[in-house]
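Shown next: final.cif, given as mmCIF, C-alpha atoms.
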data_query
#
loop_
_atom_site.label_atom_id
_atom_site.label_comp_id
_atom_site.auth_asym_id
_atom_site.auth_seq_id
_atom_site.Cartn_x
_atom_site.Cartn_y
_atom_site.Cartn_z
CA MET A 1 -33.41 159.15 93.33
CA THR A 2 -36.82 157.81 92.44
CA THR A 3 -38.60 159.49 89.55
CA CYS A 4 -41.60 161.43 90.77
CA THR A 5 -44.52 161.31 88.41
CA LEU A 6 -47.37 162.46 90.62
CA THR A 7 -49.19 165.77 90.42
CA ARG A 8 -50.60 167.58 93.42
CA GLN A 9 -54.09 167.50 91.90
CA GLN A 10 -53.82 163.75 91.43
CA ILE A 11 -53.00 163.24 95.11
CA ALA A 12 -55.83 165.34 96.57
CA GLY A 13 -58.24 164.10 93.91
CA ARG A 14 -57.50 160.44 94.55
CA LEU A 15 -57.41 160.63 98.35
CA ILE A 16 -60.40 162.90 98.92
CA GLY A 17 -62.30 163.06 95.61
CA THR A 18 -65.23 160.69 96.06
CA ASP A 19 -64.60 159.55 99.63
CA THR A 20 -67.59 161.32 101.15
CA ASP A 21 -67.18 159.79 104.64
CA LEU A 22 -63.59 160.90 105.12
CA LEU A 23 -62.93 163.65 107.67
CA VAL A 24 -60.22 165.96 106.35
CA VAL A 25 -57.96 168.58 107.92
CA THR A 26 -55.69 170.44 105.48
CA GLY A 27 -52.55 172.46 105.89
CA LEU A 28 -52.18 176.07 104.79
CA GLY A 29 -51.76 177.33 101.25
CA GLY A 30 -50.97 174.59 98.74
CA THR A 31 -52.81 171.69 100.37
CA CYS A 32 -55.73 173.98 101.16
CA TRP A 33 -55.99 174.81 97.43
CA ASP A 34 -55.44 171.18 96.43
CA ALA A 35 -58.19 169.93 98.72
CA SER A 36 -60.69 172.55 97.60
CA GLN A 37 -59.96 171.81 93.95
CA ALA A 38 -60.66 168.16 94.66
CA GLY A 39 -64.11 169.42 95.66
CA ASP A 40 -65.12 171.73 98.48
CA ARG A 41 -66.99 169.68 101.06
CA ASP A 42 -68.47 170.21 104.50
CA LEU A 43 -66.27 167.58 106.14
CA THR A 44 -63.03 169.35 105.23
CA TYR A 45 -61.57 171.78 107.75
CA TYR A 46 -59.13 174.04 105.91
CA LEU A 47 -56.39 175.67 107.94
CA TRP A 48 -55.80 179.25 106.80
CA GLY A 49 -53.58 179.89 109.81
CA GLY A 50 -52.17 178.08 112.82
CA MET A 51 -49.23 176.68 110.90
CA GLY A 52 -47.85 173.52 112.51
CA LEU A 53 -51.19 172.42 113.95
CA ALA A 54 -52.68 170.28 111.19
CA ALA A 55 -51.50 166.96 112.65
CA SER A 56 -52.53 167.78 116.22
CA THR A 57 -55.93 169.01 115.03
CA GLY A 58 -56.32 165.76 113.11
CA LEU A 59 -55.33 163.85 116.25
CA GLY A 60 -57.99 165.52 118.40
CA LEU A 61 -60.56 164.85 115.70
CA ALA A 62 -59.53 161.22 115.26
CA LEU A 63 -59.72 160.58 119.01
CA SER A 64 -63.16 162.15 119.18
CA ARG A 65 -64.54 159.96 116.40
CA LEU A 66 -62.90 156.56 116.50
CA ASP A 67 -65.65 155.33 114.17
CA ARG A 68 -64.56 157.66 111.35
CA ARG A 69 -61.46 157.87 109.17
CA VAL A 70 -59.45 161.08 109.44
CA LEU A 71 -56.99 162.39 106.83
CA VAL A 72 -54.56 165.21 107.46
CA LEU A 73 -53.40 166.50 104.07
CA THR A 74 -50.62 168.98 104.61
CA GLY A 75 -47.41 170.36 103.17
CA ASP A 76 -43.77 169.85 104.07
CA GLY A 77 -43.32 173.32 105.62
CA GLU A 78 -46.43 172.93 107.74
CA MET A 79 -45.36 169.47 108.91
CA LEU A 80 -41.85 170.68 109.72
CA MET A 81 -43.35 173.27 112.07
CA GLY A 82 -45.21 170.55 113.97
CA LEU A 83 -42.67 167.71 114.08
CA GLY A 84 -43.32 167.14 117.77
CA SER A 85 -46.88 166.20 116.96
CA LEU A 86 -45.58 163.12 115.10
CA ALA A 87 -44.19 161.85 118.40
CA THR A 88 -47.52 162.61 120.03
CA VAL A 89 -49.52 160.86 117.30
CA ALA A 90 -47.21 157.84 117.60
CA ARG A 91 -47.63 157.79 121.36
CA ILE A 92 -51.44 157.80 121.18
CA ALA A 93 -51.54 155.76 117.95
CA PRO A 94 -55.12 156.32 116.75
CA ALA A 95 -55.98 153.55 114.28
CA ASN A 96 -58.19 155.90 112.24
CA LEU A 97 -55.68 158.65 111.43
CA ALA A 98 -53.60 159.15 108.29
CA ILE A 99 -51.20 162.02 107.73
CA VAL A 100 -50.18 162.65 104.13
CA VAL A 101 -47.56 165.28 103.42
CA VAL A 102 -47.59 166.68 99.89
CA ASP A 103 -43.88 167.39 99.72
CA ASN A 104 -42.81 169.93 97.11
CA GLU A 105 -39.65 170.81 99.04
CA LEU A 106 -40.75 174.44 98.95
CA TYR A 107 -42.48 177.13 100.95
CA GLY A 108 -44.95 177.79 98.16
CA GLU A 109 -46.90 180.68 99.65
CA THR A 110 -43.91 182.83 100.53
CA GLY A 111 -41.90 182.91 97.33
CA GLY A 112 -40.87 179.33 96.76
CA GLN A 113 -37.94 179.24 99.18
CA SER A 114 -36.57 175.73 99.52
CA SER A 115 -37.59 173.78 102.61
CA HIS A 116 -35.56 171.36 104.71
CA THR A 117 -36.88 168.41 102.70
CA ALA A 118 -35.03 169.73 99.64
CA GLY A 119 -31.90 168.80 101.56
CA SER A 120 -31.27 165.78 103.72
CA CYS A 121 -34.43 165.94 105.85
CA ASP A 122 -36.51 162.79 105.48
CA LEU A 123 -39.99 163.29 106.93
CA ALA A 124 -40.96 159.65 106.46
CA GLY A 125 -37.84 158.63 108.36
CA ILE A 126 -38.67 161.08 111.13
CA ALA A 127 -42.22 159.74 111.39
CA ARG A 128 -40.94 156.15 111.53
CA ALA A 129 -38.37 157.01 114.16
CA ALA A 130 -41.05 158.88 116.12
CA GLY A 131 -42.91 155.59 116.33
CA ILE A 132 -45.21 155.41 113.30
CA PRO A 133 -44.14 152.15 111.66
CA ASP A 134 -46.42 152.52 108.62
CA SER A 135 -44.55 155.43 107.14
CA ARG A 136 -44.30 155.55 103.36
CA ILE A 137 -42.84 157.51 100.51
CA VAL A 138 -45.09 157.73 97.48
CA SER A 139 -43.74 158.87 94.12
CA ASP A 140 -45.94 157.38 91.42
CA ALA A 141 -49.47 156.38 90.52
CA ALA A 142 -49.07 152.83 91.79
CA GLY A 143 -47.91 154.09 95.18
CA LEU A 144 -50.81 156.54 95.28
CA GLU A 145 -53.28 153.73 94.55
CA GLU A 146 -51.83 151.72 97.41
CA LEU A 147 -52.02 154.71 99.71
CA ALA A 148 -55.61 155.46 98.71
CA GLY A 149 -56.49 151.84 99.42
CA ALA A 150 -54.92 152.09 102.86
CA VAL A 151 -56.76 155.33 103.65
CA SER A 152 -60.06 153.78 102.60
CA SER A 153 -59.60 150.83 104.98
CA LEU A 154 -58.09 152.84 107.82
CA GLY A 155 -59.14 151.67 111.26
CA ALA A 156 -60.22 148.31 109.82
CA ALA A 157 -57.89 146.29 107.58
CA VAL A 158 -55.25 148.97 107.93
CA ARG A 159 -54.45 150.06 111.47
CA GLY A 160 -53.25 153.61 111.72
CA PRO A 161 -51.63 155.84 112.35
CA LEU A 162 -50.41 155.96 108.80
CA PHE A 163 -47.89 158.50 107.57
CA ALA A 164 -46.96 159.15 103.96
CA VAL A 165 -44.84 161.61 102.06
CA ALA A 166 -46.19 162.14 98.55
CA ARG A 167 -43.30 163.58 96.57
CA VAL A 168 -43.96 166.39 94.12
CA PRO A 169 -40.63 168.24 94.03
CA GLY A 170 -40.94 171.82 92.84
CA GLN A 171 -44.67 171.69 92.17
CA LEU A 172 -46.50 174.79 93.29
CA SER A 173 -50.22 175.13 93.70
CA GLY A 174 -51.72 178.56 93.14
CA PRO A 175 -55.01 179.58 94.72
CA PRO A 176 -57.97 178.28 92.72
CA ALA A 177 -60.21 180.70 90.82
CA GLU A 178 -62.82 180.12 93.49
CA LEU A 179 -61.23 180.15 96.92
CA PRO A 180 -62.46 177.75 99.58
CA PRO A 181 -64.33 179.42 102.46
CA ARG A 182 -61.88 181.21 104.75
CA ASP A 183 -64.02 182.00 107.76
CA GLY A 184 -62.78 179.55 110.39
CA THR A 185 -65.98 179.84 112.41
CA TYR A 186 -68.16 179.04 109.41
CA LEU A 187 -65.93 176.10 108.49
CA LYS A 188 -66.21 174.82 112.06
CA HIS A 189 -69.99 175.09 112.15
CA ARG A 190 -70.53 173.45 108.78
CA PHE A 191 -68.14 170.62 109.67
CA ARG A 192 -69.89 169.93 112.97
CA GLU A 193 -73.35 170.15 111.47
CA ALA A 194 -72.41 167.76 108.66
CA LEU A 195 -70.93 165.34 111.18
CA MET A 196 -73.44 165.57 114.01
CA GLY A 197 -76.59 166.99 112.48
CA PRO A 198 -78.49 170.16 113.35
CA HIS A 199 -78.16 169.69 117.10
CA ALA A 200 -74.46 170.51 116.78
CA LEU A 201 -75.43 174.16 116.50
CA ARG A 202 -77.95 174.25 119.31
CA MET B 1 -26.22 177.38 147.22
CA THR B 2 -28.67 176.71 150.01
CA ALA B 3 -31.87 174.93 149.15
CA PRO B 4 -34.79 177.29 149.63
CA VAL B 5 -37.17 176.88 152.51
CA PRO B 6 -40.50 175.65 151.12
CA LEU B 7 -43.35 178.04 151.80
CA PRO B 8 -46.21 176.60 153.81
CA VAL B 9 -49.02 175.00 151.82
CA SER B 10 -52.51 174.61 153.23
CA ALA B 11 -52.98 170.93 153.95
CA PRO B 12 -54.45 168.52 153.08
CA VAL B 13 -54.33 169.12 149.32
CA THR B 14 -57.69 168.12 147.89
CA TRP B 15 -58.27 170.75 145.22
CA PRO B 16 -56.95 168.55 142.35
CA ASP B 17 -59.79 166.14 143.18
CA ALA B 18 -62.31 168.98 143.11
CA LEU B 19 -60.87 170.03 139.75
CA TYR B 20 -61.15 166.48 138.43
CA ASP B 21 -64.76 166.21 139.62
CA THR B 22 -65.62 169.47 137.89
CA LEU B 23 -64.02 168.41 134.62
CA LYS B 24 -66.13 165.24 134.78
CA GLN B 25 -69.22 167.29 135.60
CA VAL B 26 -68.82 169.44 132.49
CA GLY B 27 -68.24 166.42 130.28
CA ILE B 28 -64.55 166.63 129.44
CA ASP B 29 -63.66 163.79 127.06
CA GLN B 30 -60.03 164.59 126.31
CA ILE B 31 -57.10 166.04 128.22
CA GLY B 32 -53.97 167.40 126.58
CA HIS B 33 -51.01 168.20 128.79
CA VAL B 34 -47.33 168.74 129.16
CA PRO B 35 -46.56 167.32 132.59
CA ASP B 36 -46.38 169.75 135.47
CA ALA B 37 -45.82 169.04 139.15
CA GLY B 38 -48.85 171.14 140.10
CA HIS B 39 -51.05 169.05 137.80
CA ALA B 40 -49.55 165.69 138.78
CA ARG B 41 -52.48 164.45 140.82
CA LEU B 42 -55.06 165.64 138.28
CA ILE B 43 -53.17 163.98 135.43
CA ASP B 44 -53.03 160.78 137.44
CA ARG B 45 -56.78 160.88 138.13
CA CYS B 46 -57.52 161.46 134.43
CA GLU B 47 -55.19 158.67 133.32
CA HIS B 48 -57.05 156.24 135.55
CA ASP B 49 -60.40 157.29 134.08
CA PRO B 50 -61.43 155.15 131.09
CA GLY B 51 -63.86 157.93 130.09
CA ILE B 52 -61.08 160.44 129.45
CA VAL B 53 -58.44 160.15 126.75
CA VAL B 54 -55.22 161.71 127.98
CA THR B 55 -52.72 162.92 125.40
CA GLY B 56 -49.23 163.81 126.56
CA LEU B 57 -47.95 166.56 124.25
CA THR B 58 -44.40 167.46 123.27
CA SER B 59 -45.30 171.15 123.38
CA GLU B 60 -48.36 172.99 124.65
CA GLU B 61 -49.31 174.40 121.24
CA GLU B 62 -50.23 170.91 120.07
CA GLY B 63 -52.93 170.99 122.72
CA VAL B 64 -54.68 173.90 121.03
CA GLY B 65 -54.91 171.86 117.82
CA LEU B 66 -55.99 168.81 119.80
CA ALA B 67 -58.80 170.76 121.47
CA ALA B 68 -59.99 172.27 118.19
CA GLY B 69 -60.00 168.84 116.56
CA ALA B 70 -61.89 167.35 119.49
CA TRP B 71 -64.55 170.05 119.17
CA LEU B 72 -64.86 169.46 115.42
CA GLY B 73 -65.60 165.84 116.27
CA GLY B 74 -68.12 166.70 118.99
CA GLN B 75 -65.96 166.28 122.09
CA ARG B 76 -64.73 168.57 124.83
CA ALA B 77 -61.05 168.84 125.68
CA ALA B 78 -59.22 170.65 128.45
CA LEU B 79 -55.55 171.60 128.38
CA LEU B 80 -53.31 171.42 131.42
CA MET B 81 -50.11 173.42 131.36
CA GLN B 82 -47.73 175.54 133.33
CA SER B 83 -47.58 179.30 132.80
CA SER B 84 -44.29 179.01 130.91
CA GLY B 85 -46.05 176.68 128.46
CA LEU B 86 -48.51 179.38 127.55
CA GLY B 87 -45.74 181.09 125.65
CA ASN B 88 -45.56 178.10 123.33
CA CYS B 89 -49.25 178.46 122.43
CA ILE B 90 -49.71 182.05 121.37
CA ASN B 91 -49.98 181.68 117.61
CA ALA B 92 -52.12 178.59 118.06
CA ILE B 93 -54.55 180.37 120.38
CA ALA B 94 -54.81 183.43 118.14
CA SER B 95 -54.65 181.91 114.67
CA LEU B 96 -56.59 178.70 115.23
CA ALA B 97 -58.71 178.95 118.36
CA GLU B 98 -59.68 182.61 118.14
CA ALA B 99 -59.92 182.73 114.36
CA GLY B 100 -62.37 179.83 114.42
CA GLN B 101 -64.07 180.87 117.67
CA PHE B 102 -63.30 177.48 119.16
CA PRO B 103 -64.01 176.79 122.82
CA LEU B 104 -60.72 176.46 124.66
CA LEU B 105 -60.38 175.60 128.34
CA MET B 106 -56.88 175.94 129.75
CA ILE B 107 -56.03 175.08 133.34
CA ILE B 108 -52.74 176.83 134.00
CA THR B 109 -50.53 176.32 137.03
CA MET B 110 -48.64 179.51 137.78
CA ARG B 111 -44.92 179.86 138.24
CA GLY B 112 -42.81 182.88 138.96
CA GLU B 113 -45.29 184.91 140.93
CA TRP B 114 -45.25 183.88 144.62
CA GLY B 115 -42.03 183.01 146.40
CA GLU B 116 -40.53 181.64 143.19
CA PHE B 117 -37.13 179.98 143.62
CA ASN B 118 -36.19 179.84 139.93
CA PRO B 119 -35.64 183.24 138.31
CA TRP B 120 -36.07 181.73 134.83
CA GLN B 121 -39.73 181.18 135.65
CA VAL B 122 -40.41 184.79 136.54
CA PRO B 123 -40.59 186.59 133.16
CA LEU B 124 -43.39 184.57 131.60
CA GLY B 125 -45.12 184.13 134.92
CA ARG B 126 -45.30 187.91 135.11
CA ALA B 127 -46.49 188.18 131.49
CA THR B 128 -49.05 185.37 131.59
CA ARG B 129 -52.12 187.52 132.22
CA ASP B 130 -51.21 190.23 129.70
CA VAL B 131 -50.44 187.65 127.04
CA LEU B 132 -53.74 185.86 127.60
CA VAL B 133 -55.69 189.09 127.40
CA ALA B 134 -53.81 190.12 124.26
CA VAL B 135 -55.02 187.00 122.46
CA ASP B 136 -58.61 187.49 123.61
CA CYS B 137 -58.73 184.93 126.42
CA ARG B 138 -60.84 185.32 129.56
CA VAL B 139 -58.76 184.94 132.71
CA LEU B 140 -60.13 183.56 135.98
CA ASP B 141 -57.84 183.34 139.01
CA VAL B 142 -57.99 180.83 141.82
CA HIS B 143 -56.22 181.68 145.07
CA ARG B 144 -58.05 179.42 147.50
CA PRO B 145 -58.76 175.67 147.39
CA ASP B 146 -62.44 176.27 148.07
CA ASP B 147 -62.78 178.25 144.81
CA VAL B 148 -61.30 175.65 142.47
CA ALA B 149 -64.53 173.86 141.61
CA ASP B 150 -66.73 176.93 141.14
CA THR B 151 -64.18 178.77 139.07
CA THR B 152 -63.49 175.79 136.85
CA LEU B 153 -67.21 175.28 136.34
CA ALA B 154 -67.68 178.93 135.39
CA ALA B 155 -64.70 178.76 133.03
CA ALA B 156 -65.97 175.60 131.35
CA ARG B 157 -69.40 177.13 130.77
CA LEU B 158 -67.85 180.25 129.32
CA ALA B 159 -65.68 178.14 127.04
CA PHE B 160 -68.09 175.49 125.81
CA ASP B 161 -71.45 177.28 126.03
CA SER B 162 -70.25 180.69 124.89
CA SER B 163 -67.38 179.63 122.58
CA GLN B 164 -64.68 181.51 124.47
CA ARG B 165 -61.00 180.94 125.11
CA VAL B 166 -60.71 180.74 128.88
CA ALA B 167 -57.75 180.31 131.22
CA VAL B 168 -58.08 179.28 134.85
CA LEU B 169 -54.94 180.43 136.62
CA LEU B 170 -54.12 178.22 139.58
CA THR B 171 -51.98 180.67 141.47
CA GLN B 172 -48.75 179.71 143.13
CA ARG B 173 -50.26 180.57 146.48
CA LEU B 174 -52.82 177.83 145.89
CA ILE B 175 -50.49 175.16 144.55
CA GLY B 176 -47.51 175.94 146.75
CA THR B 177 -44.03 176.95 145.70
CA LYS B 178 -41.92 174.21 144.20
CA ALA B 179 -39.12 173.16 146.50
CA PHE B 180 -35.91 171.65 145.15
CA ARG B 181 -34.08 169.14 147.25
#

Rewrite the coordinates I just gave you, this time as structure tokens.
Amino acid sequence: MTTCTLTRQQIAGRLIGTDTDLLVVTGLGGTCWDASQAGDRDLTYYLWGGMGLAASTGLGLALSRLDRRVLVLTGDGEMLMGLGSLATVARIAPANLAIVVVDNELYGETGGQSSHTAGSCDLAGIARAAGIPDSRIVSDAAGLEELAGAVSSLGAAVRGPLFAVARVPGQLSGPPAELPPRDGTYLKHRFREALMGPHALR
Amino acid sequence: MTAPVPLPVSAPVTWPDALYDTLKQVGIDQIGHVPDAGHARLIDRCEHDPGIVVTGLTSEEEGVGLAAGAWLGGQRAALLMQSSGLGNCINAIASLAEAGQFPLLMIITMRGEWGEFNPWQVPLGRATRDVLVAVDCRVLDVHRPDDVADTTLAAARLAFDSSQRVAVLLTQRLIGTKAFR
């Protein structure tokens, strides 16, 4: 087993941190906290519900803006609930979409029960078999640098879809002192306004 | 067992073309669907339209995410499904689409309500309307081919201009009862 030396904060910070153009959809709980701690931003749509829909939401977004890079940053439990969407993403194959699963092998928001990835379930293998050839497992800083480089040149030098499992076994992420906004309608409006300008709300 | 006698369908069938024209008229950019016989012609029309991106889904709930994502990016999506597929979408409609007040236009072909041959289709066909109402969707029925365009137009306006979740139910009387051979 590879040694895992990444932290959750490192992953969200490196992938989202200063990349102001990136369009982001998060999962629920852990990755929602991680993304907000990397810096709350208008072009992040946090899921506070709708478990299993992060990848398909990212797909609809990616197809609507082929000129922009889209990152889905989600957890292993959330991804497991939407496995079918990996087959759908592979089928449509948007070049501008990356899905990164922060895999702690736990359901962090519900008491830390172990998830399927703690056992034999290999999400990167599932994604590859679903038809996403660029499907990686990232365990250390060097791998994260490579992944960040790929995300930054998504749709250009790197043709998506890209799938990655960033391994952080056992790492939990508590809610930050300041929670990200949790009104889905507000998040929607601010995302659209930031992307399309004031006419988005008219 | 004996194959059922197909019930008569008003011919010729042109309402899928009227539906397609209306979806174009209201600026639909994306279609998400799980294939359904009643939607076959519409899906085919959309797939031959370079102005519409058609996404075949593994399960209908993905379509609710797809539509929300499309809206975040400034596009309009419509979902095509069969009434049994609605059951796969409930949490998605409530927890994503309603919670974020996303527009959602669903064109649903009905099963289990009019001369249905397959008893497995009846329970959710019977529950479709109640389930939609329970998750705060507007429900517009179409019984006659002549009403397809108007009703779809009204539904699309309600969805995209007034940020509502709207289902157009294409009743089994309109689409005809599926016959197995």

task: Fewer than 6 positions away in the same chain doesn't count, so skip those; otherwise give me all residues within 7 Å of range 33-50 of chain A, counting all atoms listed in the file, as a ChimeraX atom specification.
output: /A:8-9,12-13,16-17,23-27,173,175-176,180,182,187,190-191,194 /B:91-92,95-96

Exercise: range 86-93 of chain A partners within 6 Å, all atoms listed in the file, chain neighbours under 3 positions left out, as a list in words: Leu83, Ala130, Gly131, Ile132 and Pro161 of chain A; Leu57 of chain B

field: Result set, the PyMOL selection byres ((chain A) within 7 of (chain B)) on current file, as a ChimeraX atom specification
entry: /A:49-50,53,56-61,64-65,84-85,88,92,184-185,188,191-192

Evaluate the PyMOL selection byres ((chain B and resi 144) around 12) and report residues as a short mmCIF file (atom, residue, chain, number, x, y, z; two decimals) with C-alpha atoms, in the frame of the given file:
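Result went into selection.cif, see below:
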data_model
loop_
_atom_site.label_atom_id
_atom_site.label_comp_id
_atom_site.auth_asym_id
_atom_site.auth_seq_id
_atom_site.Cartn_x
_atom_site.Cartn_y
_atom_site.Cartn_z
CA VAL B 9 -49.02 175.00 151.82
CA SER B 10 -52.51 174.61 153.23
CA ALA B 11 -52.98 170.93 153.95
CA VAL B 13 -54.33 169.12 149.32
CA THR B 14 -57.69 168.12 147.89
CA TRP B 15 -58.27 170.75 145.22
CA ASP B 141 -57.84 183.34 139.01
CA VAL B 142 -57.99 180.83 141.82
CA HIS B 143 -56.22 181.68 145.07
CA PRO B 145 -58.76 175.67 147.39
CA ASP B 146 -62.44 176.27 148.07
CA ASP B 147 -62.78 178.25 144.81
CA VAL B 148 -61.30 175.65 142.47
CA ALA B 149 -64.53 173.86 141.61
CA ASP B 150 -66.73 176.93 141.14
CA THR B 151 -64.18 178.77 139.07
CA LEU B 169 -54.94 180.43 136.62
CA LEU B 170 -54.12 178.22 139.58
CA THR B 171 -51.98 180.67 141.47
CA GLN B 172 -48.75 179.71 143.13
CA ARG B 173 -50.26 180.57 146.48
CA LEU B 174 -52.82 177.83 145.89
CA ILE B 175 -50.49 175.16 144.55
CA GLY B 176 -47.51 175.94 146.75
#

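CA of Asp122 in chain A is found 16.2 Å from CA of Tyr107 in chain A.
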
Close residues, Asp130 in chain B itself excluded, 12 Å, only C-alpha atoms, min 5 positions apart in chain, as JSON, numbers by chain: {"B": [83, 86, 87, 90, 123, 124, 125, 135, 136, 137, 138, 139, 167]}

message: Evaluated on this file, the PyMOL selection byres ((chain A and resi 141) around 10) picks out some residues - which ones are they, written as number ranges by chain?
response: A: 4-7, 10-11, 14, 138-140, 142-147

- request: For Asp17 in chain B, please output as JSON, numbers by chain all residues within 9 Å (counting all atoms listed in the file; exclusion window: fewer than 3 positions along the same chain).
  value: {"B": [13, 14, 20, 21, 22, 41, 42, 45]}
